[in-house]
file start.cif (mmCIF, C-alpha atoms)
data_start
#
loop_
_atom_site.label_atom_id
_atom_site.label_comp_id
_atom_site.auth_asym_id
_atom_site.auth_seq_id
_atom_site.Cartn_x
_atom_site.Cartn_y
_atom_site.Cartn_z
CA MET A 472 4.25 11.32 10.58
CA VAL A 473 1.33 13.22 9.08
CA ASN A 474 -0.32 16.18 10.74
CA SER A 475 -4.06 16.67 11.11
CA THR A 476 -4.22 19.02 8.12
CA THR A 477 -2.69 16.45 5.78
CA ALA A 478 -5.00 13.75 7.10
CA ALA A 479 -8.03 15.98 6.61
CA LEU A 480 -6.99 16.75 3.05
CA ALA A 481 -6.59 13.05 2.36
CA LEU A 482 -10.07 12.37 3.69
CA LEU A 483 -11.59 15.09 1.51
CA ALA A 484 -9.75 13.73 -1.51
CA SER A 485 -10.94 10.19 -0.94
CA ILE A 486 -14.53 11.45 -0.75
CA ALA A 487 -14.41 13.92 -3.63
CA CYS A 488 -12.27 12.01 -6.13
CA GLY A 489 -15.17 10.46 -8.00
CA ALA A 490 -13.12 10.19 -11.19
CA CYS A 491 -10.71 7.91 -9.36
CA LEU A 492 -13.22 5.15 -8.70
CA ALA A 493 -12.19 1.70 -9.84
CA GLN A 494 -15.02 -0.82 -9.79
CA THR A 495 -14.65 -4.50 -9.02
CA ALA A 496 -16.87 -7.49 -9.64
CA PRO A 497 -19.49 -8.32 -7.02
CA VAL A 498 -18.95 -11.30 -4.73
CA PRO A 499 -21.14 -14.42 -5.12
CA GLY A 500 -24.41 -14.45 -3.22
CA GLU A 501 -28.03 -13.41 -3.30
CA PRO A 502 -28.91 -9.70 -3.38
CA LYS A 503 -29.60 -8.09 -0.02
CA SER A 504 -33.11 -8.73 1.25
CA ALA A 505 -35.41 -5.99 2.49
CA LYS A 506 -34.84 -7.31 6.01
CA THR A 507 -31.06 -6.99 5.72
CA ILE A 508 -31.36 -3.48 4.31
CA ALA A 509 -33.66 -2.49 7.18
CA LEU A 510 -31.26 -3.95 9.74
CA GLU A 511 -28.37 -2.03 8.20
CA ALA A 512 -30.34 1.21 8.29
CA GLY A 513 -31.13 0.68 11.96
CA ALA A 514 -27.57 -0.20 12.80
CA LYS A 515 -26.31 2.95 11.08
CA VAL A 516 -28.52 5.05 13.35
CA LEU A 517 -28.08 3.13 16.61
CA GLN A 518 -24.55 1.74 16.51
CA SER A 519 -21.16 3.41 16.59
CA ALA A 520 -18.43 2.96 13.98
CA ALA A 521 -15.82 4.68 16.12
CA PRO A 522 -12.88 2.38 15.16
CA LEU A 523 -13.43 3.17 11.46
CA ARG A 524 -13.65 6.96 11.64
CA PRO A 525 -9.90 7.62 11.97
CA PHE A 526 -9.14 5.71 8.74
CA ASN A 527 -8.88 8.98 6.84
CA LEU A 528 -5.63 8.65 4.88
CA TYR A 529 -5.84 7.16 1.38
CA MET A 530 -2.82 5.87 -0.56
CA VAL A 531 -2.38 3.60 -3.58
CA GLY A 532 0.63 1.39 -4.23
CA PHE A 533 1.61 -2.06 -5.44
CA HIS A 534 2.44 -5.33 -3.72
CA PRO A 535 4.26 -8.43 -4.93
CA MET A 536 3.84 -11.51 -2.78
CA LYS A 537 7.15 -12.35 -1.10
CA GLU A 538 7.01 -16.07 -1.89
CA HIS A 539 5.50 -15.51 -5.35
CA PRO A 540 6.97 -12.22 -6.64
CA GLU A 541 5.21 -12.36 -10.01
CA HIS A 542 1.89 -12.37 -8.15
CA GLN A 543 1.49 -8.58 -8.16
CA MET A 544 -1.47 -6.38 -7.39
CA GLU A 545 -2.63 -2.80 -6.95
CA ALA A 546 -3.37 -2.02 -3.31
CA HIS A 547 -5.70 0.73 -2.07
CA HIS A 548 -4.74 1.67 1.49
CA TYR A 549 -7.11 3.36 3.93
CA CYS A 550 -5.04 4.17 6.98
CA HIS A 551 -5.30 5.41 10.55
CA GLN A 552 -2.16 7.22 11.68
CA MET A 553 -2.31 6.29 15.37
CA ASN A 554 0.80 8.27 16.32
CA GLU A 555 3.98 9.56 14.70
CA ASP A 556 5.51 6.08 14.52
CA PHE A 557 2.61 3.71 13.83
CA ALA A 558 -0.22 3.46 11.29
CA GLN A 559 -2.67 0.68 10.54
CA CYS A 560 -4.30 0.25 7.14
CA THR A 561 -7.13 -1.71 5.59
CA LEU A 562 -6.42 -2.81 2.01
CA PHE A 563 -8.94 -2.99 -0.83
CA ASP A 564 -8.71 -4.00 -4.48
CA SER A 565 -10.19 -0.67 -5.64
CA ASN A 566 -11.64 2.57 -4.29
CA GLY A 567 -15.13 1.87 -5.60
CA GLY A 568 -18.26 1.28 -3.58
CA ASN A 569 -18.08 -2.49 -4.07
CA ALA A 570 -14.35 -2.79 -3.32
CA ARG A 571 -13.28 -6.04 -1.72
CA LEU A 572 -11.30 -6.03 1.52
CA ASN A 573 -8.25 -8.14 0.70
CA GLY A 574 -5.59 -7.35 3.26
CA ILE A 575 -4.10 -5.32 6.09
CA GLU A 576 -0.87 -3.39 6.49
CA TYR A 577 0.87 -2.01 9.55
CA ILE A 578 3.36 0.82 8.98
CA ILE A 579 6.07 1.63 11.49
CA SER A 580 8.89 4.13 11.65
CA GLU A 581 12.57 3.29 11.37
CA LYS A 582 12.79 3.85 15.13
CA LEU A 583 10.21 1.16 15.92
CA PHE A 584 11.67 -1.20 13.33
CA ALA A 585 15.01 -1.03 15.14
CA THR A 586 13.35 -2.43 18.28
CA LEU A 587 12.15 -5.63 16.54
CA PRO A 588 13.95 -8.95 17.05
CA PRO A 589 15.85 -10.23 13.99
CA GLN A 590 13.34 -12.99 13.20
CA GLU A 591 10.47 -10.48 13.17
CA LYS A 592 12.23 -8.07 10.81
CA ALA A 593 11.91 -10.64 8.01
CA PHE A 594 8.18 -9.85 7.81
CA TRP A 595 8.60 -6.10 7.25
CA HIS A 596 9.26 -4.61 3.82
CA PRO A 597 11.06 -1.29 3.17
CA HIS A 598 9.26 1.74 1.73
CA ASN A 599 11.96 4.01 0.28
CA ALA A 600 11.80 2.52 -3.22
CA GLU A 601 8.01 2.77 -3.33
CA ILE A 602 8.27 6.47 -2.55
CA LEU A 603 11.29 7.44 -4.67
CA SER A 604 9.99 5.54 -7.73
CA GLY A 605 6.67 7.38 -7.69
CA GLN A 606 4.74 4.13 -7.24
CA LEU A 607 3.18 5.08 -3.90
CA VAL A 608 0.70 7.92 -4.28
CA ALA A 609 -1.99 9.73 -2.31
CA PRO A 610 -4.53 10.66 -5.02
CA GLY A 611 -6.36 13.95 -4.97
CA ILE A 612 -4.56 15.87 -2.24
CA PRO A 613 -2.58 19.03 -3.13
CA ALA A 614 0.98 18.41 -4.28
CA PRO A 615 2.60 20.08 -1.22
CA ALA A 616 0.53 17.90 1.11
CA GLU A 617 1.48 14.73 -0.78
CA ARG A 618 5.17 15.68 -0.70
CA ALA A 619 4.95 16.18 3.07
CA LEU A 620 3.22 12.83 3.45
CA MET A 621 5.83 10.97 1.39
CA ARG A 622 8.64 12.69 3.25
CA SER A 623 7.12 11.48 6.53
CA LYS A 624 7.08 7.87 5.24
CA MET A 625 10.75 7.81 4.21
CA ASN A 626 12.71 5.02 5.95
CA SER A 627 9.51 3.41 7.24
CA TYR A 628 8.51 -0.26 6.98
CA GLY A 629 5.31 -2.17 6.35
CA LYS A 630 4.03 -5.58 7.42
CA THR A 631 1.36 -6.64 4.92
CA TRP A 632 -0.84 -9.70 4.69
CA HIS A 633 -3.15 -10.31 1.76
CA VAL A 634 -6.01 -12.65 2.62
CA TRP A 635 -7.94 -12.70 -0.67
CA ASN A 636 -6.68 -13.03 -4.23
CA THR A 637 -9.13 -10.59 -5.78
CA GLY A 638 -7.10 -10.47 -8.98
CA HIS A 639 -3.44 -9.99 -9.75
CA GLU A 640 -1.68 -8.83 -12.88
CA GLY A 641 -1.73 -11.60 -15.46
CA GLY A 642 -3.55 -14.08 -13.26
CA PRO A 643 -7.08 -15.17 -12.28
CA SER A 644 -8.92 -14.08 -9.19
CA ASP A 645 -10.80 -16.05 -6.54
CA GLN A 646 -14.48 -15.31 -6.05
CA LEU A 647 -14.10 -15.85 -2.31
CA PRO A 648 -11.22 -15.52 0.19
CA LEU A 649 -9.48 -18.88 -0.16
CA GLY A 650 -6.33 -20.41 1.27
CA PRO A 651 -3.76 -19.01 3.68
CA ALA A 652 -2.79 -15.37 4.02
CA MET A 653 0.15 -14.29 1.84
CA LEU A 654 2.96 -12.04 3.04
CA ALA A 655 3.40 -9.12 0.64
CA TRP A 656 6.59 -7.22 -0.13
CA SER A 657 7.69 -4.04 -1.90
CA PHE A 658 9.35 -3.42 -5.26
CA ASN A 659 12.91 -2.21 -4.71
CA ARG A 660 14.33 -2.06 -8.25
CA ASP A 661 13.20 -0.77 -11.60
CA GLY A 662 11.82 -3.58 -13.70
CA GLU A 663 10.41 -5.63 -10.83
CA ALA A 664 6.85 -4.35 -11.25
CA LEU A 665 5.08 -5.44 -14.42
CA PRO A 666 4.84 -2.30 -16.60
CA THR A 667 1.15 -2.79 -17.31
CA LEU A 668 0.40 -2.78 -13.58
CA VAL A 669 1.77 0.73 -13.07
CA GLU A 670 0.59 2.10 -16.41
CA ARG A 671 -3.00 0.99 -15.85
CA ARG A 672 -3.12 2.59 -12.40
CA ASP A 673 -1.58 5.82 -13.67
CA ARG A 674 -4.10 6.12 -16.52
CA ARG A 675 -7.07 5.47 -14.27
CA LEU A 676 -6.04 7.94 -11.59
CA GLY A 677 -4.51 10.54 -13.91
CA ILE A 678 -1.06 10.12 -12.37
CA ASN A 679 2.39 10.36 -13.96
CA SER A 680 4.71 8.13 -11.92
CA ALA A 681 7.76 9.21 -13.96
CA GLU A 682 7.10 12.87 -13.17
CA LEU A 683 6.55 12.09 -9.49
CA ARG A 684 9.91 10.31 -9.45
CA LYS A 685 11.61 13.47 -10.67
CA GLN A 686 9.82 15.59 -8.08
CA ARG A 687 10.76 13.21 -5.27
CA ALA A 688 14.45 13.05 -6.17
CA GLU A 689 15.07 15.58 -3.41
CA LEU A 690 14.01 12.93 -0.88
CA GLN A 691 17.02 10.76 -1.78
CA LYS A 692 19.10 12.73 0.72
CA LEU A 693 16.81 11.46 3.48
CA ALA A 694 17.08 7.80 2.49
CA ARG A 695 19.05 5.52 4.76
CA PRO A 696 19.98 1.89 4.06
CA GLN A 697 17.00 -0.39 4.68
CA SER A 698 16.49 -4.00 5.60
CA GLY A 699 14.74 -6.18 3.02
CA VAL A 700 15.83 -4.27 -0.09
CA ASP A 701 17.58 -7.34 -1.55
CA ASP A 702 15.06 -9.98 -0.45
CA LEU A 703 13.57 -10.31 -3.95
CA LYS A 704 16.75 -9.58 -5.90
CA GLY A 705 17.10 -11.96 -8.86
CA LYS A 706 13.63 -13.45 -8.44
CA PHE A 707 12.03 -11.78 -11.46
CA ALA A 708 12.02 -13.08 -15.02
CA ARG A 709 13.33 -9.83 -16.51
CA PRO A 710 16.26 -7.46 -16.04
CA THR A 711 16.09 -5.11 -13.08
CA ARG A 712 18.06 -1.97 -12.22
CA GLU A 713 18.95 -0.31 -8.96
CA LEU A 714 17.01 2.78 -7.94
CA PRO A 715 18.98 5.89 -6.95
CA GLY A 716 18.78 6.37 -3.21
CA VAL A 717 17.62 2.81 -2.46
CA VAL A 718 20.37 1.04 -0.52
CA ALA A 719 20.32 -2.31 1.25
CA GLN A 720 21.22 -2.41 4.91
CA PRO A 721 24.33 -4.56 5.46
CA ALA A 722 23.65 -7.94 7.00
CA PRO A 723 24.38 -8.03 10.76
#
call {"tool": "encode", "arguments": {"input": "start.cif", "output": "structure tokens"}}
result
Amino acid sequence: MVNSTTAALALLASIACGACLAQTAPVPGEPKSAKTIALEAGAKVLQSAAPLRPFNLYMVGFHPMKEHPEHQMEAHHYCHQMNEDFAQCTLFDSNGGNARLNGIEYIISEKLFATLPPQEKAFWHPHNAEILSGQLVAPGIPAPAERALMRSKMNSYGKTWHVWNTGHEGGPSDQLPLGPAMLAWSFNRDGEALPTLVERRDRRLGINSAELRKQRAELQKLARPQSGVDDLKGKFARPTRELPGVVAQPAP
């Protein structure tokens, strides 16, 4: 889906984009002791972090919880593109040094989605609306590289579990990971995402979602009907509007 050049650019952006940092509150607990710091220093020298090194693609989007659609949050994705059809991502509540790990997402191509049994497909949300609306972004990389990345994600699907309510728009956060994991979904119509959620992200990262939407209009010709587009239809307490290019797959 993304070539090595795009992935490398994303890694450089995630390292260099100091202005993009969003800090979060520290978790409860005593400060690290000298012993813990020494152990960490030794581990850094002696142990391998091989599974983490390929997580070099950084994207930011938004997730509503499927069973509680007004529970909405900003999601910072750090992903490993394992092959052209499959990526795995760790999710954080910010891109700051004290960001809290609050979920995971697997991303698969339309081709792999077609191989899933019907009962499994109910866990996978569509991505076309996230891309065409300008909500999903890859901060810091050159515009041509981001366009290529978004083109590669058209018609893909994500399976996302959030395991820690580290704060959602208009609601309190939990200091620790509590309760069961929550299945997240995607926004598929204008008006579903709380305006303040998108506006706050755009201001912090220096992004103009409306302008990105215009630039990505050319991708509409690539969009095919997707499963899950209508799963949250009518479940928001405000009017919503269809997005050009976002079409629900007919029920089997």
call {"tool": "atom_distance", "arguments": {"input": "start.cif", "atom1": "CA of Ala664 (chain A)", "atom2": "CA of Leu647 (chain A)"}}
result
25.5 Å
call {"tool": "residues_near_point", "arguments": {"input": "start.cif", "point": "(11.5, 3.0, -7.8)", "cutoff": "9 Å", "atoms": "all atoms listed in the file", "output": "PDB file with C-alpha atoms, keeping the file's coordinate frame"}}
result
ATOM      1  CA  ASN A 599      11.960   4.010   0.280  1.00  0.00           C
ATOM      2  CA  ALA A 600      11.800   2.520  -3.220  1.00  0.00           C
ATOM      3  CA  GLU A 601       8.010   2.770  -3.330  1.00  0.00           C
ATOM      4  CA  ILE A 602       8.270   6.470  -2.550  1.00  0.00           C
ATOM      5  CA  LEU A 603      11.290   7.440  -4.670  1.00  0.00           C
ATOM      6  CA  SER A 604       9.990   5.540  -7.730  1.00  0.00           C
ATOM      7  CA  GLY A 605       6.670   7.380  -7.690  1.00  0.00           C
ATOM      8  CA  GLN A 606       4.740   4.130  -7.240  1.00  0.00           C
ATOM      9  CA  PHE A 658       9.350  -3.420  -5.260  1.00  0.00           C
ATOM     10  CA  ASN A 659      12.910  -2.210  -4.710  1.00  0.00           C
ATOM     11  CA  ARG A 660      14.330  -2.060  -8.250  1.00  0.00           C
ATOM     12  CA  ASP A 661      13.200  -0.770 -11.600  1.00  0.00           C
ATOM     13  CA  GLY A 662      11.820  -3.580 -13.700  1.00  0.00           C
ATOM     14  CA  ARG A 684       9.910  10.310  -9.450  1.00  0.00           C
ATOM     15  CA  GLU A 713      18.950  -0.310  -8.960  1.00  0.00           C
ATOM     16  CA  LEU A 714      17.010   2.780  -7.940  1.00  0.00           C
ATOM     17  CA  PRO A 715      18.980   5.890  -6.950  1.00  0.00           C
ATOM     18  CA  VAL A 717      17.620   2.810  -2.460  1.00  0.00           C
TER      19      VAL A 717
END
call {"tool": "residues_around", "arguments": {"input": "start.cif", "residues": "Met544 (chain A)", "least_positions_apart": "6", "cutoff": "12 Å", "atoms": "only C-alpha atoms", "output": "number ranges by chain"}}
result
A: 531-536, 562-565, 573-574, 633, 635-644, 655-658, 664-669, 671-672
call {"tool": "atom_distance", "arguments": {"input": "start.cif", "atom1": "CA of Gly629 (chain A)", "atom2": "CA of Pro588 (chain A)"}}
result
15.3 Å
call {"tool": "closest_residue", "arguments": {"input": "start.cif", "among": "A:Asn554, A:Gln590, A:Asn679, A:Gln686", "to": "Met621 (chain A)", "atoms": "only C-alpha atoms"}}
result
A:Gln686
call {"tool": "closest_residue", "arguments": {"input": "start.cif", "among": "A:His547, A:Arg709, A:Lys537, A:Lys630", "to": "Leu676 (chain A)", "atoms": "only C-alpha atoms"}}
result
A:His547
call {"tool": "atom_distance", "arguments": {"input": "start.cif", "atom1": "CA of Met625 (chain A)", "atom2": "CA of Asn566 (chain A)"}}
result
24.5 Å
call {"tool": "closest_residue", "arguments": {"input": "start.cif", "among": "A:Val634, A:Ala585, A:Leu703, A:Ala609", "to": "His548 (chain A)", "atoms": "only C-alpha atoms"}}
result
A:Ala609
call {"tool": "closest_residue", "arguments": {"input": "start.cif", "among": "A:Ala593, A:Ile678, A:Met553, A:Ala558", "to": "Ile578 (chain A)", "atoms": "all atoms listed in the file"}}
result
A:Ala558
call {"tool": "decode", "arguments": {"input": "start.cif", "residues": "region 612-684 of chain A", "atoms": "C-alpha atoms", "output": "mmCIF file, in the first residue's frame"}}
result
data_model
loop_
_atom_site.group_PDB
_atom_site.id
_atom_site.type_symbol
_atom_site.label_atom_id
_atom_site.label_comp_id
_atom_site.auth_asym_id
_atom_site.auth_seq_id
_atom_site.Cartn_x
_atom_site.Cartn_y
_atom_site.Cartn_z
ATOM 1 C CA ILE A 612 5.077 14.483 5.224
ATOM 2 C CA PRO A 613 5.148 16.257 1.826
ATOM 3 C CA ALA A 614 1.758 16.691 0.179
ATOM 4 C CA PRO A 615 2.510 14.316 -2.746
ATOM 5 C CA ALA A 616 3.543 11.582 -0.303
ATOM 6 C CA GLU A 617 0.379 12.052 1.768
ATOM 7 C CA ARG A 618 -1.797 11.919 -1.355
ATOM 8 C CA ALA A 619 -0.125 8.657 -2.377
ATOM 9 C CA LEU A 620 -0.659 7.254 1.103
ATOM 10 C CA MET A 621 -4.352 8.178 1.174
ATOM 11 C CA ARG A 622 -4.847 6.783 -2.314
ATOM 12 C CA SER A 623 -3.357 3.480 -1.128
ATOM 13 C CA LYS A 624 -5.847 3.336 1.779
ATOM 14 C CA MET A 625 -8.949 3.852 -0.365
ATOM 15 C CA ASN A 626 -11.478 0.998 -0.006
ATOM 16 C CA SER A 627 -9.603 -0.432 2.985
ATOM 17 C CA TYR A 628 -11.078 -1.444 6.349
ATOM 18 C CA GLY A 629 -10.006 -1.218 9.976
ATOM 19 C CA LYS A 630 -10.694 -3.326 13.052
ATOM 20 C CA THR A 631 -10.128 -1.120 16.104
ATOM 21 C CA TRP A 632 -10.342 -1.806 19.812
ATOM 22 C CA HIS A 633 -9.913 0.932 22.391
ATOM 23 C CA VAL A 634 -8.860 -0.415 25.779
ATOM 24 C CA TRP A 635 -8.518 2.813 27.782
ATOM 25 C CA ASN A 636 -10.803 5.831 27.946
ATOM 26 C CA THR A 637 -8.057 8.441 28.122
ATOM 27 C CA GLY A 638 -10.540 11.209 27.381
ATOM 28 C CA HIS A 639 -13.237 11.691 24.796
ATOM 29 C CA GLU A 640 -14.886 14.820 23.465
ATOM 30 C CA GLY A 641 -17.300 16.175 26.055
ATOM 31 C CA GLY A 642 -16.668 13.420 28.581
ATOM 32 C CA PRO A 643 -14.354 12.507 31.477
ATOM 33 C CA SER A 644 -11.342 10.261 31.237
ATOM 34 C CA ASP A 645 -10.234 7.297 33.332
ATOM 35 C CA GLN A 646 -6.902 7.529 35.107
ATOM 36 C CA LEU A 647 -6.286 3.836 34.462
ATOM 37 C CA PRO A 648 -7.430 1.334 31.796
ATOM 38 C CA LEU A 649 -10.804 0.224 33.153
ATOM 39 C CA GLY A 650 -13.576 -2.012 31.892
ATOM 40 C CA PRO A 651 -13.907 -4.002 28.682
ATOM 41 C CA ALA A 652 -12.401 -3.071 25.334
ATOM 42 C CA MET A 653 -14.670 -0.988 23.082
ATOM 43 C CA LEU A 654 -15.066 -1.568 19.356
ATOM 44 C CA ALA A 655 -14.469 1.684 17.468
ATOM 45 C CA TRP A 656 -15.994 2.747 14.163
ATOM 46 C CA SER A 657 -15.543 5.429 11.513
ATOM 47 C CA PHE A 658 -17.510 8.581 10.690
ATOM 48 C CA ASN A 659 -19.281 8.125 7.362
ATOM 49 C CA ARG A 660 -21.393 11.289 7.076
ATOM 50 C CA ASP A 661 -20.883 14.986 7.590
ATOM 51 C CA GLY A 662 -22.172 16.032 10.979
ATOM 52 C CA GLU A 663 -21.385 12.779 12.782
ATOM 53 C CA ALA A 664 -18.120 14.033 14.274
ATOM 54 C CA LEU A 665 -18.457 16.744 16.902
ATOM 55 C CA PRO A 666 -17.156 19.951 15.247
ATOM 56 C CA THR A 667 -14.921 20.830 18.182
ATOM 57 C CA LEU A 668 -13.151 17.476 17.871
ATOM 58 C CA VAL A 669 -11.958 18.154 14.324
ATOM 59 C CA GLU A 670 -11.361 21.872 14.811
ATOM 60 C CA ARG A 671 -9.150 21.345 17.852
ATOM 61 C CA ARG A 672 -7.014 18.765 16.046
ATOM 62 C CA ASP A 673 -6.689 20.969 12.970
ATOM 63 C CA ARG A 674 -5.559 23.980 15.010
ATOM 64 C CA ARG A 675 -2.997 21.997 16.949
ATOM 65 C CA LEU A 676 -1.461 20.325 13.915
ATOM 66 C CA GLY A 677 -1.835 23.262 11.522
ATOM 67 C CA ILE A 678 -4.156 21.305 9.233
ATOM 68 C CA ASN A 679 -7.103 22.477 7.137
ATOM 69 C CA SER A 680 -9.476 19.521 6.791
ATOM 70 C CA ALA A 681 -11.779 21.458 4.440
ATOM 71 C CA GLU A 682 -8.903 22.159 2.057
ATOM 72 C CA LEU A 683 -7.762 18.538 2.202
ATOM 73 C CA ARG A 684 -11.286 17.473 1.275
#
